[in-house]
Amino acid sequence: MSSAWDLDGFRGRVQGRIDAEVTRQRGVLAALGPDMANLVDPIAALLSGGKRFRAAFAQAGYVASGGVHEDRMLSVAAALELFQAAALLHDDVMDDSATRRGQTTAHRALAAEHATRGWTGDGDRFGISGAILAGDLCLVWTDEMVAGSGLPPEELIRARAVFDVMRTQLMGGQFLDVLVSARGWDDLDTAARIAQAREVVRYKSAKYSVEHPVLIGAGAAGADPLATARLSAYGLALGEAFQLRDDVLGVFGDPSTTGKPAGDDLREGKRTVLLALTLDGLDADGRATMRAGLGRADLAPQEVAQMRGLVHRSGALERHETMIAELVETAATALAATPGLTDSGRAALADLIDLTTARDS
């Protein structure tokens, strides 16, 4: 890994590992017949693109901490993208999302296949069942890729310690998100809403998107406790900033670059920090309009535009950007204070700060 972070080149190498694993697993499933393509094809389609940030953080953490088995670590890094695919497949089912990265989501595609073929039973249930199983398959493949990476046993043991925590805490974070949505916000003040939203961000996104991948790499390479603590602070702050940027894109993003419908987070009624700040900055009429539209899957484009206007009018976007900038500064400070990093690894981790927070998709 060079000091000039070549993310495009790295993405290509990760894609090669992913493609090889999917091909191998198709062989394992071949005994069940050609119908297995209905299960594997949606996974392959989802894994054909993506920013590969989780893999990048794992590899950069490893190189920065002095790891020497970069080629073997690449398999662990690529495995994190399979873990991400599992989370997305399940998340799309829970949110009943129609598109992901500009493509029809797996459960919707499988439901459409059911209708096209004229199969019996409930097509939507068929699609949901298939997508859940596809996500479960990705979890199984993730574990196989990590176990078979070829890292020396002592490095693999250290990596797995964080890997196992990551998997368990993400599932808890997903449930926390569902729980917060079910309980509602009506009895909370703005500070409590923001605190609750940030807790969901930490456990549903920040840790498994940045902190845990960095620590998997650093742990495998044998980073000392002080460096680990500083990299943890770097990863948690940057992971939160990463998700807060996603929340802006979920309201204001261009579908041609985000791959999701405009204002998708408004239609899903996501209780984000941006929403908490928006409700705090509006008058009673503005809050009533926002609440009336939130969570409505049938929001028309003009209604989305009206709600976006209310976000601007509330001043929430400026406050939200300040929070992102503060988190970025925290991450940069923690990285600068991390001892013993290699020059190339430190440069890669620094480059990733901008790459993950100054983006439009």
# chains A, B, ... in the order shown; residues from 1 in each chain; ligands from 1
call {"tool": "residues_around", "arguments": {"residues": "segment 142-146 of chain A", "least_positions_apart": "5", "cutoff": "10 Å", "atoms": "only C-alpha atoms", "output": "list in words"}}
result
Arg17, Ile18, Glu21, Arg72, Met73, Leu74, Ser75, Val76, Ala77, Ala78, Ala79, Leu80, Glu81, Leu82, Phe83, Gln84, Ala85, Ala86, Asp136, Leu137, Leu151, Leu156, Ala159, Arg160, Phe163 and Asp164 of chain A
call {"tool": "closest_atom_pairs", "arguments": {"of": "segment 63-163 of chain A", "to": "segment 332-356 of chain A", "cutoff": "8 Å", "atoms": "only C-alpha atoms", "output": "JSON lines"}}
result
{"residue": "A:Val63", "atom": "CA", "partner": "A:Gly345", "partner_atom": "CA", "distance": 5.2}
{"residue": "A:Ala64", "atom": "CA", "partner": "A:Gly345", "partner_atom": "CA", "distance": 3.6}
{"residue": "A:Ser65", "atom": "CA", "partner": "A:Leu341", "partner_atom": "CA", "distance": 5.3}
{"residue": "A:Gly66", "atom": "CA", "partner": "A:Thr342", "partner_atom": "CA", "distance": 6.4}
call {"tool": "residues_around", "arguments": {"residues": "Gln15 of chain A", "least_positions_apart": "4", "cutoff": "9 Å", "atoms": "only C-alpha atoms", "output": "PyMOL selection string"}}
result
chain A and resi 10-11+19-20+47-49+52+78
call {"tool": "residues_around", "arguments": {"residues": "Met36 of chain A", "least_positions_apart": "5", "cutoff": "12 Å", "atoms": "only C-alpha atoms", "output": "PyMOL selection string"}}
result
chain A and resi 25-31+41-43+130+133-134+137
call {"tool": "select_by_dssp", "arguments": {"residues": "segment 115-145 of chain A", "states": "helix (DSSP H, G or I)", "output": "list of chain:residue names"}}
result
A:Ala115, A:Thr116, A:Arg117, A:Gly123, A:Asp124, A:Arg125, A:Phe126, A:Gly127, A:Ile128, A:Ser129, A:Gly130, A:Ala131, A:Ile132, A:Leu133, A:Ala134, A:Gly135, A:Asp136, A:Leu137, A:Cys138, A:Leu139, A:Val140, A:Trp141, A:Thr142, A:Asp143, A:Glu144, A:Met145
call {"tool": "residues_around", "arguments": {"residues": "segment 171-178 of chain A", "least_positions_apart": "4", "cutoff": "6 Å", "atoms": "only C-alpha atoms", "output": "CSV table (one decimal) with C-alpha atoms, in the first residue's frame"}}
result
chain,number,residue,atom,x,y,z
A,200,VAL,CA,-27.9,4.2,17.0
A,203,TYR,CA,-23.7,0.8,16.9
A,204,LYS,CA,-25.5,0.4,13.6
call {"tool": "atom_distance", "arguments": {"atom1": "atom CA of Arg287 of chain A", "atom2": "atom CA of Gly253 of chain A"}}
result
22.1 Å
call {"tool": "closest_residue", "arguments": {"among": "A:Arg158, A:Lys270, A:Thr258, A:Gly263", "to": "Asp224 of chain A", "atoms": "only C-alpha atoms"}}
result
A:Arg158
call {"tool": "residues_around", "arguments": {"residues": "Glu240 of chain A", "least_positions_apart": "6", "cutoff": "7 Å", "atoms": "only C-alpha atoms", "output": "ChimeraX atom specification"}}
result
/A:201-202,206
call {"tool": "write_last_selection", "arguments": {"atoms": "N, CA and C atoms", "output": "short mmCIF file (atom, residue, chain, number, x, y, z; two decimals), in the first residue's frame"}}
result
data_model
loop_
_atom_site.label_atom_id
_atom_site.label_comp_id
_atom_site.auth_asym_id
_atom_site.auth_seq_id
_atom_site.Cartn_x
_atom_site.Cartn_y
_atom_site.Cartn_z
N VAL A 201 -26.36 5.47 15.60
CA VAL A 201 -25.30 5.66 14.60
C VAL A 201 -24.04 4.89 15.00
N ARG A 202 -23.67 4.99 16.27
CA ARG A 202 -22.43 4.33 16.71
C ARG A 202 -22.50 2.82 16.52
N ALA A 206 -21.18 3.30 12.76
CA ALA A 206 -19.82 3.83 12.97
C ALA A 206 -18.81 2.75 13.34
#
call {"tool": "closest_residue", "arguments": {"among": "A:Ala305, A:Thr168, A:Arg101, A:Thr357", "to": "Thr257 of chain A", "atoms": "only C-alpha atoms"}}
result
A:Arg101
call {"tool": "residues_around", "arguments": {"residues": "Arg267 of chain A", "least_positions_apart": "2", "cutoff": "12 Å", "atoms": "only C-alpha atoms", "output": "PyMOL selection string"}}
result
chain A and resi 95-98+250-251+260-265+269-271+290-301+303-304+307
call {"tool": "write_last_selection", "arguments": {"atoms": "C-alpha atoms", "output": "CSV table (one decimal), in the first residue's frame"}}
result
chain,number,residue,atom,x,y,z
A,95,ASP,CA,-36.9,-1.0,5.4
A,96,ASP,CA,-38.6,-2.5,2.4
A,97,SER,CA,-36.3,-0.5,0.2
A,98,ALA,CA,-36.9,-0.7,-3.6
A,250,GLY,CA,-30.4,10.3,2.4
A,251,VAL,CA,-32.3,13.6,2.3
A,260,LYS,CA,-31.5,5.4,-4.0
A,261,PRO,CA,-34.7,7.5,-4.6
A,262,ALA,CA,-34.5,11.2,-3.7
A,263,GLY,CA,-35.5,11.8,-0.1
A,264,ASP,CA,-35.5,8.1,0.7
A,265,ASP,CA,-34.8,8.7,4.4
A,269,GLY,CA,-39.1,8.2,8.5
A,270,LYS,CA,-35.5,7.7,9.8
A,271,ARG,CA,-35.0,9.3,13.2
A,290,MET,CA,-42.4,17.4,8.7
A,291,ARG,CA,-44.2,15.0,10.9
A,292,ALA,CA,-47.1,14.6,8.5
A,293,GLY,CA,-44.7,13.6,5.7
A,294,LEU,CA,-42.2,11.4,7.6
A,295,GLY,CA,-42.5,7.7,7.0
A,296,ARG,CA,-44.9,8.1,4.1
A,297,ALA,CA,-43.8,5.8,1.3
A,298,ASP,CA,-46.0,7.6,-1.2
A,299,LEU,CA,-44.4,11.0,-0.8
A,300,ALA,CA,-44.6,12.9,-4.1
A,301,PRO,CA,-41.5,14.7,-5.4
A,303,GLU,CA,-43.6,17.0,-1.0
A,304,VAL,CA,-40.0,15.8,-0.7
A,307,MET,CA,-39.6,18.9,3.4
call {"tool": "atom_distance", "arguments": {"atom1": "atom CA of Gln103 of chain A", "atom2": "atom CA of Gly259 of chain A"}}
result
7.3 Å
call {"tool": "select_by_dssp", "arguments": {"residues": "segment 97-266 of chain A", "states": "strand (DSSP E)", "output": "list in words"}}
result
Thr99, Arg100, Gln103 and Thr104 of chain A
call {"tool": "write_last_selection", "arguments": {"atoms": "N, CA and C atoms", "output": "PDB file, in the first residue's frame"}}
result
ATOM      1  N   THR A  99     -34.680   0.111  -4.054  1.00  0.00           N
ATOM      2  CA  THR A  99     -33.436   0.115  -4.819  1.00  0.00           C
ATOM      3  C   THR A  99     -32.233   0.195  -3.893  1.00  0.00           C
ATOM      4  N   ARG A 100     -31.120  -0.272  -4.403  1.00  0.00           N
ATOM      5  CA  ARG A 100     -29.838  -0.205  -3.710  1.00  0.00           C
ATOM      6  C   ARG A 100     -28.775  -0.063  -4.787  1.00  0.00           C
ATOM      7  N   GLN A 103     -29.870  -0.426  -8.341  1.00  0.00           N
ATOM      8  CA  GLN A 103     -30.445  -1.694  -8.757  1.00  0.00           C
ATOM      9  C   GLN A 103     -31.642  -2.041  -7.877  1.00  0.00           C
ATOM     10  N   THR A 104     -32.523  -2.879  -8.400  1.00  0.00           N
ATOM     11  CA  THR A 104     -33.639  -3.376  -7.599  1.00  0.00           C
ATOM     12  C   THR A 104     -33.082  -4.205  -6.449  1.00  0.00           C
TER      13      THR A 104
END
call {"tool": "atom_distance", "arguments": {"atom1": "atom CA of Ile324 of chain A", "atom2": "atom CA of Gly12 of chain A"}}
result
29.3 Å
